[in-house]
$ cat input-v7.cif   # mmCIF, C-alpha atoms
data_target
#
loop_
_atom_site.label_atom_id
_atom_site.label_comp_id
_atom_site.auth_asym_id
_atom_site.auth_seq_id
_atom_site.Cartn_x
_atom_site.Cartn_y
_atom_site.Cartn_z
CA CYS A 9 118.45 -170.26 115.42
CA GLU A 10 115.76 -171.71 117.65
CA PRO A 11 113.75 -169.26 119.70
CA THR A 12 114.38 -170.17 123.29
CA VAL A 13 111.23 -170.30 125.34
CA LYS A 14 111.56 -170.41 129.10
CA VAL A 15 108.62 -172.49 130.30
CA GLU A 16 108.39 -172.81 134.08
CA ALA A 17 104.66 -173.36 134.45
CA PRO A 18 103.35 -176.90 133.74
CA LYS A 19 103.57 -177.30 130.00
CA GLU A 20 100.42 -175.62 128.74
CA PRO A 21 99.94 -176.98 125.20
CA ILE A 22 100.28 -174.47 122.37
CA THR A 23 97.01 -174.53 120.45
CA ILE A 24 97.30 -173.92 116.70
CA ASN A 25 94.32 -173.67 114.40
CA LEU A 26 95.06 -174.18 110.71
CA ASN A 27 92.54 -173.76 107.95
CA VAL A 28 93.53 -175.41 104.70
CA LYS A 29 91.33 -174.71 101.70
CA VAL A 30 91.87 -177.23 98.97
CA ASP A 31 90.59 -176.62 95.47
CA ALA A 32 91.54 -180.04 94.33
CA GLU A 33 91.13 -180.45 90.68
CA VAL A 34 92.51 -177.11 89.57
CA ARG A 35 95.50 -177.25 91.87
CA VAL A 36 96.42 -180.83 90.92
CA LYS A 37 96.41 -179.83 87.24
CA LEU A 38 98.32 -176.63 87.90
CA GLU A 39 100.95 -178.50 89.94
CA GLU A 40 101.52 -180.97 87.15
CA GLN A 41 101.58 -178.16 84.56
CA ALA A 42 104.12 -176.15 86.60
CA SER A 43 106.52 -179.08 86.89
CA GLN A 44 106.22 -179.58 83.14
CA ASP A 45 106.79 -175.91 82.28
CA ILE A 46 109.84 -175.69 84.53
CA LYS A 47 111.36 -178.76 82.93
CA ASN A 48 110.69 -177.42 79.44
CA SER A 49 112.37 -174.00 79.92
CA PRO A 50 115.47 -174.44 82.06
CA GLU A 51 116.90 -171.12 80.90
CA ILE A 52 114.26 -169.10 82.81
CA PHE A 53 113.60 -171.41 85.76
CA GLN B 110 124.67 -174.65 83.64
CA SER B 111 122.63 -171.59 82.50
CA LYS B 112 123.68 -168.01 83.28
CA LEU B 113 120.71 -167.84 85.67
CA ASP B 114 122.05 -170.88 87.55
CA SER B 115 125.51 -169.38 88.07
CA TYR B 116 124.08 -166.03 89.27
CA ARG B 117 121.77 -167.88 91.65
CA ALA B 118 124.45 -170.19 92.97
CA ASN B 119 126.75 -167.28 93.86
CA GLY B 120 123.92 -165.25 95.39
CA ALA B 121 123.97 -162.35 92.89
CA VAL B 122 120.38 -163.17 91.90
CA ALA B 123 117.78 -164.52 94.31
CA GLU B 124 114.50 -166.41 93.85
CA ARG B 125 111.39 -164.97 95.47
CA PHE B 126 108.33 -166.54 97.17
CA ASP B 127 106.09 -164.99 94.47
CA GLY B 128 107.74 -166.86 91.59
CA TYR B 129 110.02 -164.09 90.30
CA VAL B 130 113.75 -163.36 90.56
CA GLU B 131 115.48 -160.24 91.84
CA VAL B 132 119.02 -158.82 91.98
CA ARG B 133 120.22 -159.53 95.50
CA ASP B 134 123.77 -158.20 95.33
CA PRO B 135 123.80 -154.48 94.36
CA GLY B 136 127.39 -155.01 93.18
CA ALA B 137 126.25 -157.67 90.70
CA PRO B 138 127.37 -157.12 87.08
CA GLY B 139 125.07 -155.11 84.78
CA ASP B 140 123.98 -158.08 82.74
CA ALA B 141 122.61 -159.71 85.93
CA ARG B 142 120.01 -156.94 86.10
CA ALA B 143 119.22 -157.40 82.40
CA LEU B 144 118.87 -161.15 82.94
CA VAL B 145 116.49 -160.63 85.89
CA ASN B 146 114.25 -158.35 83.80
CA GLU B 147 114.26 -160.79 80.87
CA VAL B 148 113.53 -163.85 83.04
CA ASN B 149 110.75 -162.09 84.95
CA ALA B 150 109.11 -160.90 81.72
CA GLN B 151 109.02 -164.44 80.33
CA ARG B 152 107.82 -165.92 83.63
CA ARG B 153 105.06 -163.30 83.96
CA ALA B 154 103.81 -164.10 80.44
CA LEU B 155 103.68 -167.81 81.30
CA TYR B 156 101.98 -167.27 84.70
CA GLU B 157 99.32 -165.08 83.04
CA LYS B 158 98.71 -167.77 80.42
CA ARG B 159 98.34 -170.50 83.07
CA ALA B 160 96.16 -168.20 85.21
CA LYS B 161 93.75 -167.69 82.29
CA GLU B 162 93.61 -171.43 81.61
CA THR B 163 92.78 -172.41 85.19
CA ASN B 164 91.15 -169.12 86.37
CA VAL B 165 93.44 -169.15 89.38
CA PRO B 166 94.70 -165.63 90.27
CA VAL B 167 98.06 -164.95 88.56
CA ALA B 168 99.67 -164.15 91.93
CA GLU B 169 98.61 -167.61 93.17
CA VAL B 170 100.07 -169.21 90.05
CA GLY B 171 103.38 -167.45 90.72
CA LYS B 172 103.45 -168.67 94.32
CA LEU B 173 102.77 -172.23 93.24
CA PHE B 174 105.55 -172.07 90.64
CA ALA B 175 107.84 -170.70 93.39
CA THR B 176 107.47 -173.92 95.41
CA LYS B 177 108.50 -175.94 92.34
CA ILE B 178 111.34 -173.56 91.34
CA VAL B 179 112.95 -173.77 94.77
CA GLU B 180 113.01 -177.54 94.63
CA GLN B 181 115.21 -177.55 91.50
CA ALA B 182 117.19 -174.32 91.97
CA PRO B 183 120.95 -174.86 92.42
CA LYS B 184 122.49 -175.24 95.88
CA GLY B 185 123.37 -171.86 97.38
CA THR B 186 120.32 -170.11 95.91
CA TYR B 187 118.90 -167.38 98.16
CA PHE B 188 115.14 -167.45 98.59
CA ARG B 189 113.36 -164.19 99.46
CA GLN B 190 110.48 -164.79 101.90
CA PRO B 191 107.24 -162.79 102.27
CA SER B 192 108.73 -161.34 105.46
CA GLY B 193 111.60 -159.91 103.41
CA SER B 194 114.39 -162.00 104.91
CA TYR B 195 116.41 -164.50 102.86
CA VAL B 196 116.84 -168.23 103.37
CA ARG B 197 119.74 -169.93 101.56
CA LYS B 198 119.35 -173.40 100.06
CA ILE C 156 68.86 -218.75 75.24
CA PRO C 157 67.98 -222.44 74.81
CA ILE C 158 64.54 -223.22 76.15
CA GLU C 159 63.37 -226.75 76.67
CA LEU C 160 59.77 -227.61 77.46
CA VAL C 161 59.23 -230.54 79.79
CA GLY C 162 55.94 -232.20 80.54
CA ASP C 163 52.61 -232.39 78.77
CA LEU C 164 51.47 -229.00 77.56
CA ALA C 165 47.85 -230.04 77.75
CA GLY C 166 48.38 -231.53 81.16
CA PRO C 167 48.06 -229.75 84.51
CA ASN C 168 51.71 -228.82 84.87
CA ALA C 169 54.56 -228.01 82.51
CA GLU C 170 58.06 -226.76 82.98
CA ALA C 171 60.25 -224.62 80.79
CA ARG C 172 63.93 -225.07 81.26
CA LEU C 173 66.07 -222.02 80.42
CA GLY C 174 69.75 -222.32 79.63
CA PRO C 175 72.32 -222.90 80.85
CA ALA C 176 73.31 -219.96 78.65
CA PRO C 177 76.69 -218.31 79.15
CA LEU C 178 76.54 -214.62 78.25
CA ALA C 179 79.99 -213.27 77.38
CA PHE C 180 79.99 -209.55 78.04
CA ARG C 181 82.79 -207.57 76.35
CA ARG C 182 83.58 -203.87 76.73
CA SER C 183 83.43 -203.61 72.94
CA GLY C 184 80.65 -206.20 72.55
CA LEU C 185 77.54 -207.42 74.37
CA GLN C 186 76.47 -205.11 77.19
CA PRO C 187 73.62 -205.50 79.76
CA ALA C 188 71.75 -202.58 78.24
CA ALA C 189 71.08 -204.85 75.26
CA LEU C 190 69.21 -207.27 77.57
CA SER C 191 67.11 -204.72 79.41
CA PRO C 192 66.94 -200.92 79.58
CA LEU C 193 66.81 -201.35 83.38
CA LEU C 194 70.46 -202.38 83.23
CA ALA C 195 71.58 -199.44 81.06
CA SER C 196 73.32 -197.71 83.97
CA VAL C 197 75.72 -200.65 84.25
CA ARG C 198 78.41 -200.26 81.52
CA ASP C 199 81.86 -201.41 80.46
CA VAL C 200 80.88 -204.92 81.58
CA ASP C 201 83.48 -207.60 80.87
CA GLY C 202 83.28 -211.25 81.89
CA ARG C 203 80.97 -214.27 81.82
CA VAL C 204 77.46 -214.44 83.32
CA THR C 205 75.66 -217.79 83.00
CA LEU C 206 71.85 -217.88 83.01
CA ASP C 207 70.20 -221.09 84.19
CA GLY C 208 66.75 -221.86 85.50
CA THR C 209 63.23 -223.18 85.21
CA ILE C 210 59.76 -221.67 85.01
CA SER C 211 57.15 -224.18 86.10
CA VAL C 212 53.40 -223.86 85.75
CA ALA C 213 51.07 -225.94 87.91
CA ALA C 214 47.31 -225.84 87.43
CA GLY C 215 45.63 -223.38 89.76
CA SER C 216 48.80 -221.72 91.03
CA ALA C 217 51.01 -218.86 89.84
CA PRO C 218 54.01 -219.79 87.67
CA GLU C 219 57.10 -220.47 89.75
CA THR C 220 60.39 -219.11 88.52
CA ARG C 221 63.77 -220.34 89.70
CA LEU C 222 66.55 -218.55 87.89
CA LEU C 223 70.24 -218.56 88.68
CA LEU C 224 72.72 -215.99 87.42
CA ARG C 225 76.34 -217.11 87.88
CA PHE C 226 79.01 -214.38 87.70
CA ASP C 227 82.57 -215.46 86.80
CA ASP C 228 85.18 -212.76 87.38
CA VAL C 229 83.01 -209.98 85.96
CA ALA C 230 84.08 -206.33 85.79
CA ALA C 231 81.55 -203.49 85.52
CA ARG C 232 81.19 -199.76 86.08
CA SER C 233 78.29 -197.54 87.04
CA ALA C 234 78.12 -193.79 87.64
CA ASP C 235 80.03 -193.82 90.89
CA THR C 236 81.14 -197.39 91.51
CA ASP C 237 83.59 -199.68 89.67
CA VAL C 238 83.68 -203.43 90.34
CA GLU C 239 86.34 -205.95 89.34
CA GLY C 240 86.45 -209.72 89.86
CA LEU C 241 82.75 -210.07 90.71
CA SER C 242 81.92 -213.75 91.41
CA GLY C 243 79.10 -215.73 92.91
CA THR C 244 75.54 -216.69 92.11
CA LEU C 245 72.32 -214.66 92.26
CA GLY C 246 69.24 -216.82 92.73
CA LEU C 247 66.00 -215.15 91.60
CA SER C 248 62.47 -216.29 92.48
CA SER C 249 60.75 -213.72 90.22
CA LEU C 250 61.83 -211.55 87.34
CA SER C 251 59.26 -208.84 87.35
CA PRO C 252 58.92 -207.67 89.91
CA LEU C 253 62.52 -208.70 90.65
CA ALA C 254 62.91 -210.81 93.79
CA SER C 255 65.80 -212.93 95.06
CA ALA C 256 65.33 -216.45 96.38
CA GLY C 257 66.25 -215.48 99.95
CA THR C 258 69.66 -214.16 100.95
CA GLN C 259 72.28 -214.16 98.18
CA ARG C 260 76.02 -213.72 98.35
CA LEU C 261 78.34 -211.97 95.89
CA ARG C 262 82.03 -211.19 96.23
CA ALA C 263 84.37 -208.90 94.30
CA ARG C 264 88.16 -208.63 94.20
CA ARG C 265 88.06 -204.85 93.94
CA VAL C 266 85.34 -202.22 94.38
CA VAL C 267 85.93 -198.51 94.00
CA ALA C 268 83.03 -196.65 95.62
CA GLY C 269 84.58 -193.24 96.20
CA VAL C 270 87.51 -195.05 97.71
CA PRO C 271 89.30 -198.23 96.50
CA LEU C 272 88.23 -201.32 98.51
CA THR C 273 89.40 -204.92 98.16
CA ASP C 274 87.81 -208.36 98.67
CA ALA C 275 84.26 -207.10 99.05
CA ASP C 276 81.78 -209.65 100.43
CA LEU C 277 78.06 -208.82 100.24
CA ARG C 278 75.12 -210.87 101.56
CA PHE C 279 71.79 -209.39 100.58
CA SER C 280 68.26 -210.12 99.41
CA ILE C 281 66.02 -208.29 96.90
CA ALA C 282 62.27 -207.86 97.28
CA PRO C 283 59.75 -205.68 95.47
CA ALA C 284 58.96 -202.39 97.26
CA ARG C 285 56.15 -199.88 96.80
CA ARG C 286 58.52 -197.87 94.63
CA GLY C 287 61.43 -199.75 93.03
CA HIS C 288 63.04 -202.59 94.92
CA ALA C 289 64.17 -203.07 98.52
CA ILE C 290 67.71 -204.40 98.68
CA ARG C 291 68.18 -205.72 102.20
CA ILE C 292 71.89 -205.72 103.09
CA ARG C 293 72.51 -208.44 105.67
CA THR C 294 76.29 -208.16 105.88
CA ALA C 295 78.77 -206.21 103.77
CA ALA C 296 82.51 -206.05 104.39
CA ALA C 297 85.60 -205.09 102.38
CA GLY C 298 89.28 -204.40 102.95
CA LEU C 299 90.74 -200.89 103.15
CA ALA C 300 94.44 -200.25 103.80
CA GLY C 301 94.93 -203.32 105.97
CA GLY C 302 91.69 -202.85 107.89
CA THR C 303 88.05 -203.60 107.22
CA VAL C 304 85.11 -201.49 106.14
CA GLY C 305 81.63 -202.74 106.94
CA LEU C 306 78.03 -201.71 106.38
CA ALA C 307 75.57 -201.93 109.21
CA GLU C 308 72.52 -204.05 108.36
CA THR C 309 70.25 -201.79 106.33
CA THR C 310 67.64 -201.70 103.57
CA TRP C 311 68.27 -199.75 100.37
CA VAL C 312 65.12 -198.83 98.47
CA THR C 313 65.99 -198.12 94.83
CA GLY C 314 62.89 -195.99 94.22
CA ALA C 315 63.22 -193.94 97.42
CA SER C 316 64.23 -190.24 97.29
CA GLY C 317 66.97 -190.90 99.86
CA ASN C 318 68.78 -193.75 101.55
CA ALA C 319 71.02 -193.81 104.62
CA VAL C 320 73.85 -196.24 105.26
CA ARG C 321 76.30 -196.37 108.19
CA VAL C 322 79.84 -197.35 107.24
CA SER C 323 82.08 -198.66 110.02
CA LEU C 324 85.89 -198.83 109.80
CA GLU C 325 88.21 -201.01 111.87
CA GLY C 326 91.98 -201.39 112.00
CA VAL C 327 92.73 -199.13 109.00
CA SER C 328 96.48 -198.47 108.78
CA LEU C 329 97.17 -194.74 108.38
CA GLU C 330 100.54 -195.59 106.87
CA ARG C 331 99.06 -197.80 104.16
CA LEU C 332 96.16 -195.41 103.52
CA LEU C 333 98.55 -192.52 102.82
CA ARG C 334 100.69 -194.78 100.61
CA ASP C 335 97.84 -196.48 98.72
CA TRP C 336 96.31 -193.07 98.01
CA HIS C 337 99.70 -191.63 96.82
CA ILE C 338 99.46 -188.74 99.29
CA GLU C 339 102.98 -187.40 98.69
CA GLY C 340 104.81 -185.53 101.39
CA VAL C 341 102.63 -186.87 104.22
CA SER C 342 103.51 -190.08 106.08
CA GLY C 343 102.32 -191.42 109.38
CA THR C 344 101.57 -194.38 111.58
CA GLY C 345 98.55 -195.37 113.59
CA VAL C 346 95.49 -197.58 113.32
CA LEU C 347 92.21 -195.84 112.60
CA SER C 348 88.65 -196.90 113.29
CA GLY C 349 85.31 -195.15 113.44
CA SER C 350 82.07 -194.72 111.52
CA LEU C 351 80.70 -192.61 108.69
CA PRO C 352 76.92 -192.06 108.49
CA LEU C 353 76.28 -191.65 104.73
CA GLU C 354 73.12 -190.20 103.21
CA PHE C 355 72.40 -190.65 99.51
CA ALA C 356 69.96 -188.09 98.13
CA GLY C 357 69.35 -186.38 94.81
CA GLY C 358 72.29 -184.01 95.23
CA GLY C 359 74.83 -186.75 95.88
CA VAL C 360 76.44 -188.32 98.92
CA GLY C 361 76.29 -186.52 102.28
CA VAL C 362 78.16 -187.34 105.49
CA THR C 363 77.16 -185.85 108.84
CA GLY C 364 79.19 -186.41 111.96
CA GLY C 365 81.60 -189.01 110.66
CA VAL C 366 84.51 -189.75 113.01
CA LEU C 367 87.78 -191.63 112.50
CA ALA C 368 90.20 -191.87 115.39
CA SER C 369 93.48 -193.59 116.17
CA GLY C 370 93.30 -196.21 118.89
CA GLY C 371 96.70 -195.21 120.35
CA PRO C 372 99.70 -192.96 119.89
CA GLY C 373 101.47 -192.65 116.55
CA VAL C 374 103.46 -190.32 114.32
CA VAL C 375 102.55 -187.87 111.54
CA GLN C 376 105.34 -186.47 109.32
CA VAL C 377 104.80 -183.76 106.72
CA ASP C 378 107.58 -183.06 104.21
CA TRP C 379 106.82 -179.50 103.11
CA GLY C 380 109.36 -179.72 100.24
CA GLY C 381 109.88 -176.53 98.23
CA ALA C 382 107.17 -174.60 100.04
CA ARG C 383 108.91 -174.81 103.42
CA GLU C 384 110.60 -171.46 102.96
CA THR C 385 107.38 -169.73 101.90
CA LEU C 386 105.48 -171.09 104.86
CA VAL C 387 108.21 -170.54 107.43
CA GLY C 388 108.26 -166.90 106.37
CA ALA C 389 104.51 -166.48 106.77
CA GLY C 390 104.49 -165.72 110.47
CA GLN C 391 105.33 -167.20 113.84
CA GLN C 392 102.31 -169.47 114.28
CA VAL C 393 102.58 -171.03 110.83
CA GLU C 394 106.34 -171.47 111.30
CA LEU C 395 105.78 -173.33 114.59
CA ALA C 396 103.13 -175.49 112.94
CA VAL C 397 105.37 -176.26 109.96
CA ARG C 398 108.29 -177.31 112.16
CA ALA C 399 106.14 -179.25 114.65
CA LEU C 400 104.36 -181.24 111.93
CA GLU C 401 107.64 -182.36 110.36
CA ASP C 402 107.86 -185.12 112.97
CA PHE C 403 104.78 -184.97 115.19
CA HIS C 404 104.40 -187.72 117.83
CA TYR C 405 100.70 -187.69 118.68
CA GLU C 406 98.80 -189.09 121.64
CA ILE C 407 95.44 -188.20 120.09
CA LEU C 408 94.52 -188.19 116.39
CA SER C 409 90.87 -187.83 115.46
CA VAL C 410 89.28 -186.75 112.19
CA GLY C 411 85.75 -185.40 111.97
CA VAL C 412 84.23 -185.97 108.52
CA ASP C 413 81.37 -183.92 107.11
CA GLN C 414 80.30 -183.69 103.49
CA VAL C 415 77.58 -181.50 102.01
CA PRO C 416 75.83 -183.52 99.26
CA GLY C 417 77.45 -182.55 95.97
CA GLY C 418 79.47 -179.86 97.73
CA GLU C 419 82.37 -179.39 100.06
CA MET C 420 83.84 -181.99 102.35
CA THR C 421 85.41 -180.86 105.62
CA LEU C 422 87.95 -182.87 107.59
CA ALA C 423 88.42 -181.53 111.14
CA ILE C 424 91.75 -183.06 112.15
CA ARG C 425 92.63 -182.90 115.86
CA LEU C 426 96.20 -183.79 116.77
CA GLU C 427 97.55 -183.64 120.32
CA GLY C 428 101.17 -184.47 121.06
CA ALA C 429 104.62 -182.98 120.51
CA ASN C 430 107.67 -182.84 118.24
CA PRO C 431 110.72 -183.83 120.35
CA ASP C 432 112.88 -181.37 118.35
CA VAL C 433 110.61 -178.33 118.64
CA LEU C 434 110.65 -176.26 121.83
CA ASP C 435 112.10 -179.25 123.70
CA GLY C 436 109.05 -181.37 122.98
CA HIS C 437 106.56 -178.78 124.21
CA PRO C 438 103.00 -180.12 123.82
CA PHE C 439 100.90 -178.88 120.87
CA ASN C 440 97.15 -179.12 120.17
CA PHE C 441 96.40 -178.84 116.45
CA ASN C 442 92.98 -178.19 114.97
CA ILE C 443 93.48 -178.50 111.24
CA ASN C 444 90.37 -177.87 109.13
CA LEU C 445 90.86 -179.28 105.67
CA SER C 446 88.00 -178.30 103.41
CA GLY C 447 87.27 -178.16 99.73
CA GLU C 448 86.12 -180.24 96.85
CA LEU C 449 87.74 -183.25 98.45
CA ASP C 450 85.55 -185.56 96.40
CA ARG C 451 87.59 -184.38 93.44
CA ILE C 452 90.71 -185.42 95.31
CA LEU C 453 89.09 -188.83 95.76
CA ALA C 454 88.47 -188.84 92.02
CA ALA C 455 92.18 -188.15 91.51
CA VAL C 456 92.90 -191.01 93.93
CA ARG C 457 90.57 -193.23 91.94
CA GLU C 458 92.58 -192.48 88.81
CA GLY C 459 95.77 -193.12 90.76
CA ARG C 460 97.06 -189.57 90.23
CA ARG C 461 99.64 -188.35 92.68
CA ILE C 462 98.41 -185.85 95.24
CA GLY C 463 101.29 -183.63 96.21
CA ALA C 464 101.40 -182.30 99.75
CA GLY C 465 101.85 -179.13 97.71
CA LEU C 466 98.13 -179.38 97.30
CA LEU C 467 97.82 -178.80 101.01
CA ARG C 468 100.52 -176.14 101.32
CA GLY C 469 98.95 -173.98 98.63
CA GLY C 470 95.85 -173.24 100.67
CA ILE C 471 97.40 -172.89 104.15
CA GLY C 472 96.39 -169.92 106.24
CA SER C 473 96.09 -169.91 110.03
CA SER C 474 93.08 -168.37 111.64
CA PRO C 475 93.89 -165.40 113.91
#
$ encode --input "input-v7.cif" --output "C-alpha cells"
Amino acid sequence: CEPTVKVEAPKEPITINLNVKVDAEVRVKLEEQASQDIKNSPEIF
Amino acid sequence: QSKLDSYRANGAVAERFDGYVEVRDPGAPGDARALVNEVNAQRRALYEKRAKETNVPVAEVGKLFATKIVEQAPKGTYFRQPSGSYVRK
Amino acid sequence: IPIELVGDLAGPNAEARLGPAPLAFRRSGLQPAALSPLLASVRDVDGRVTLDGTISVAAGSAPETRLLLRFDDVAARSADTDVEGLSGTLGLSSLSPLASAGTQRLRARRVVAGVPLTDADLRFSIAPARRGHAIRIRTAAAGLAGGTVGLAETTWVTGASGNAVRVSLEGVSLERLLRDWHIEGVSGTGVLSGSLPLEFAGGGVGVTGGVLASGGPGVVQVDWGGARETLVGAGQQVELAVRALEDFHYEILSVGVDQVPGGEMTLAIRLEGANPDVLDGHPFNFNINLSGELDRILAAVREGRRIGAGLLRGGIGSSP
C-alpha cells in the first residue's frame, strides 16, 4: 500500500541524505564468491 | 526441486534478511523444523569460513548472501525483513 | 644499429648516420629496459619502434643530434597507465639530457589511466629541467563515453616532488559511462561535463574540488535486485529513497569528486527531481555520499570486472 501524504503547502522537497560506504575490493570478491557458493549447493540455498 | 524449495514456495519456511531460514508456519510438519536447523547449521559454517577469508564480519557476510539467495529463491518465498514483517516474492 | 660515417674524419665536419633501425619489441622478447635503465618502468612493450637520425660534428660547435623515433601501433604498460595503438614520431634534438626538437605529437587508440580512454592525442615538448625533465603539454585530448577529456596546458616536471594537472570533461554520456564501466543495476541518461584538478605526489593521485554536472534534466534508475526487501525494511527514509531512485527524473545532477592521495575517494552526488510514481511526483533532494576505496573499483573497471549495484546496497545507511 502506498502511504498517502496530504500535501497542501507548496511542494517542499523531501531532503534525503544517504551515506554509502564502499569497501570495493573485498565486497566485489565476496559477491562473486556468494553467487558461486549458492550455485554449488542448491540443497541449502 | 529440493525439499527446501517446496517448503519455501508454500510459505512453511521463510528466508530472512540475515541469510538464514526460519519456520514461518507453526503448523508446518516436524521435518520442516529439522530442515531449517540443518540448513542454518551448514550456512553458518560457510558464512564463518567466508568471513575469515575476507575479514568481513560474519553477520555482514550473511546479509550479503541474503541478497543473492532472494534473487534465486522460488516464487512465493516469504522474506523476513529487519523490521519483522514479511514480504512475499 | 647500423651507423654510417659521412664526410672526412680529418676534415672540419663529419656526420654519423644512425639507422634506420626497426626495433621489434615483444612482450616475451626485447624490452626497453634492455636499451636503457631509464626506460625500465615501461614494460610489456609490444610493437615496432624505428630509430633513425644523424649526429653531425662541425668544427668549433657542439655536436648536433637529430634523432627520430617512429612508433607503429605500439602497446606498453607502466605502473598506473596502459597504452595501446601508440603511433607517431618523436623527434629528439639531444639524447642526454633528453630534449625534443620542438613540439611533438603522439596518438594512441586506447589509454587506461585510472579510467579507460580512447583515441588519445597528445602534443608536447621535452626539455631538460633542473631536476629530471620538463614535459610541456601543449594539448591533450581523448574520448570518454562519447565525450572528450582534455588536459589544460601544463608542464610536468619528472624530477619534481609533485605535479598538478587539470582535467576537463565535456559531453560525457552518463548512459555510456555506466554501460562501459559495467555498473550493473544502475542506468541513467544525461550529458556530464566539468573539471577535475589532479595532484600527483608521493602518496599517489589526489583530487580536490572536482565537479561533474549534467547540463540538463535526465533520468537515473537503480535496480536494487535482491536487496530491495532488505532495504525497504530498514526504515521509512531508506524505503522512500529506494522507491524514488528506481525511476528518478532529475532536474539537477552534480557530483563532487575528492580523493585523498592513496586513500579514500568521496563522490558527493546531488540529485534534485522526482519519481512520478512516488508520492505523486513529490520533489526530492538527494545528497548521496559515496565513499571508499573507489580507486579499487576503478581497478576492477580496468580489468572489466562487473560491479554489481549490490556493491552499493551493501554499505547503505542513511544519516539521521
$ resolve_selection --input "input-v7.cif" --expression "the PyMOL selection byres ((chain B and resi 152) around 9)" --output "ChimeraX atom specification"
/A:52-53 /B:128-129,147-151,153-157,171
$ resolve_selection --input "input-v7.cif" --expression "the PyMOL selection byres ((chain A and resi 21) around 7)" --output "list of chain:residue names"
A:Lys19, A:Glu20, A:Ile22, A:Thr23, C:His437, C:Pro438, C:Phe439, C:Asn440
$ write_last_selection --input "input-v7.cif" --atoms "C-alpha atoms" --output "PDB file, in the coordinates of the input"
ATOM      1  CA  LYS A  19     103.570-177.300 130.000  1.00  0.00           C
ATOM      2  CA  GLU A  20     100.420-175.620 128.740  1.00  0.00           C
ATOM      3  CA  ILE A  22     100.280-174.470 122.370  1.00  0.00           C
ATOM      4  CA  THR A  23      97.010-174.530 120.450  1.00  0.00           C
TER       5      THR A  23
ATOM      6  CA  HIS C 437     106.560-178.780 124.210  1.00  0.00           C
ATOM      7  CA  PRO C 438     103.000-180.120 123.820  1.00  0.00           C
ATOM      8  CA  PHE C 439     100.900-178.880 120.870  1.00  0.00           C
ATOM      9  CA  ASN C 440      97.150-179.120 120.170  1.00  0.00           C
TER      10      ASN C 440
END
$ interface_residues --input "input-v7.cif" --of "chain B" --to "chain C" --cutoff "10 Å" --atoms "all atoms listed in the file" --output "ChimeraX atom specification"
/B:125-127,169-170,172-182,188-198
$ resolve_selection --input "input-v7.cif" --expression "the PyMOL selection byres ((chain C and resi 183) around 10)" --output "ChimeraX atom specification"
/C:180-182,184-186,199-201
$ closest_residue --input "input-v7.cif" --among "C:Ala423, C:Ala315, C:Val393, C:Ile290" --to "Ile24 (chain A)" --atoms "all atoms listed in the file"
C:Val393
$ axis_aligned_box --input "input-v7.cif" --around "region 130-148 of chain B" --padding-each-side "3 Å" --output "JSON"
{"center_x": 120.5, "center_y": -159.2, "center_z": 88.2, "size_x": 19.9, "size_y": 15.4, "size_z": 20.6}
$ residues_around --input "input-v7.cif" --residues "region 281-286 of chain C" --least-positions-apart "4" --cutoff "9 Å" --atoms "all atoms listed in the file" --output "PDB file with C-alpha atoms, keeping the file's coordinate frame"
ATOM      1  CA  LEU C 247      66.000-215.150  91.600  1.00  0.00           C
ATOM      2  CA  SER C 251      59.260-208.840  87.350  1.00  0.00           C
ATOM      3  CA  PRO C 252      58.920-207.670  89.910  1.00  0.00           C
ATOM      4  CA  LEU C 253      62.520-208.700  90.650  1.00  0.00           C
ATOM      5  CA  ALA C 254      62.910-210.810  93.790  1.00  0.00           C
ATOM      6  CA  SER C 255      65.800-212.930  95.060  1.00  0.00           C
ATOM      7  CA  ALA C 256      65.330-216.450  96.380  1.00  0.00           C
ATOM      8  CA  GLY C 257      66.250-215.480  99.950  1.00  0.00           C
ATOM      9  CA  THR C 258      69.660-214.160 100.950  1.00  0.00           C
ATOM     10  CA  GLN C 259      72.280-214.160  98.180  1.00  0.00           C
ATOM     11  CA  ILE C 290      67.710-204.400  98.680  1.00  0.00           C
ATOM     12  CA  ARG C 291      68.180-205.720 102.200  1.00  0.00           C
ATOM     13  CA  ILE C 292      71.890-205.720 103.090  1.00  0.00           C
ATOM     14  CA  VAL C 312      65.120-198.830  98.470  1.00  0.00           C
ATOM     15  CA  THR C 313      65.990-198.120  94.830  1.00  0.00           C
ATOM     16  CA  GLY C 314      62.890-195.990  94.220  1.00  0.00           C
ATOM     17  CA  ALA C 315      63.220-193.940  97.420  1.00  0.00           C
TER      18      ALA C 315
END
$ residues_around --input "input-v7.cif" --residues "region 352-360 of chain C" --least-positions-apart "2" --cutoff "9 Å" --atoms "only C-alpha atoms" --output "PyMOL selection string"
chain C and resi 315-323+350+362-365+414-418
$ interface_residues --input "input-v7.cif" --of "chain A" --to "chain B" --cutoff "8 Å" --atoms "all atoms listed in the file" --output "JSON, numbers by chain"
{"A": [34, 38, 39, 42, 43, 46, 50, 51, 52, 53]}
$ residues_around --input "input-v7.cif" --residues "Arg221 (chain C)" --least-positions-apart "4" --cutoff "10 Å" --atoms "all atoms listed in the file" --output "NGL selection string"
:C and (172-173 or 207-211 or 246-250 or 255-256)
$ residues_around --input "input-v7.cif" --residues "Gly305 (chain C)" --least-positions-apart "2" --cutoff "12 Å" --atoms "all atoms listed in the file" --output "PyMOL selection string"
chain C and resi 272-278+292-299+302-303+307-309+320-327+348-352
$ atom_distance --input "input-v7.cif" --atom1 "CA of Gly139 (chain B)" --atom2 "CA of Gly120 (chain B)"
14.7 Å
$ atom_distance --input "input-v7.cif" --atom1 "CA of Gly428 (chain C)" --atom2 "CA of Leu400 (chain C)"
10.2 Å
$ closest_residue --input "input-v7.cif" --among "C:Asp413, C:Asp378, C:Glu330, C:Glu419" --to "chain A" --atoms "only C-alpha atoms"
C:Glu419
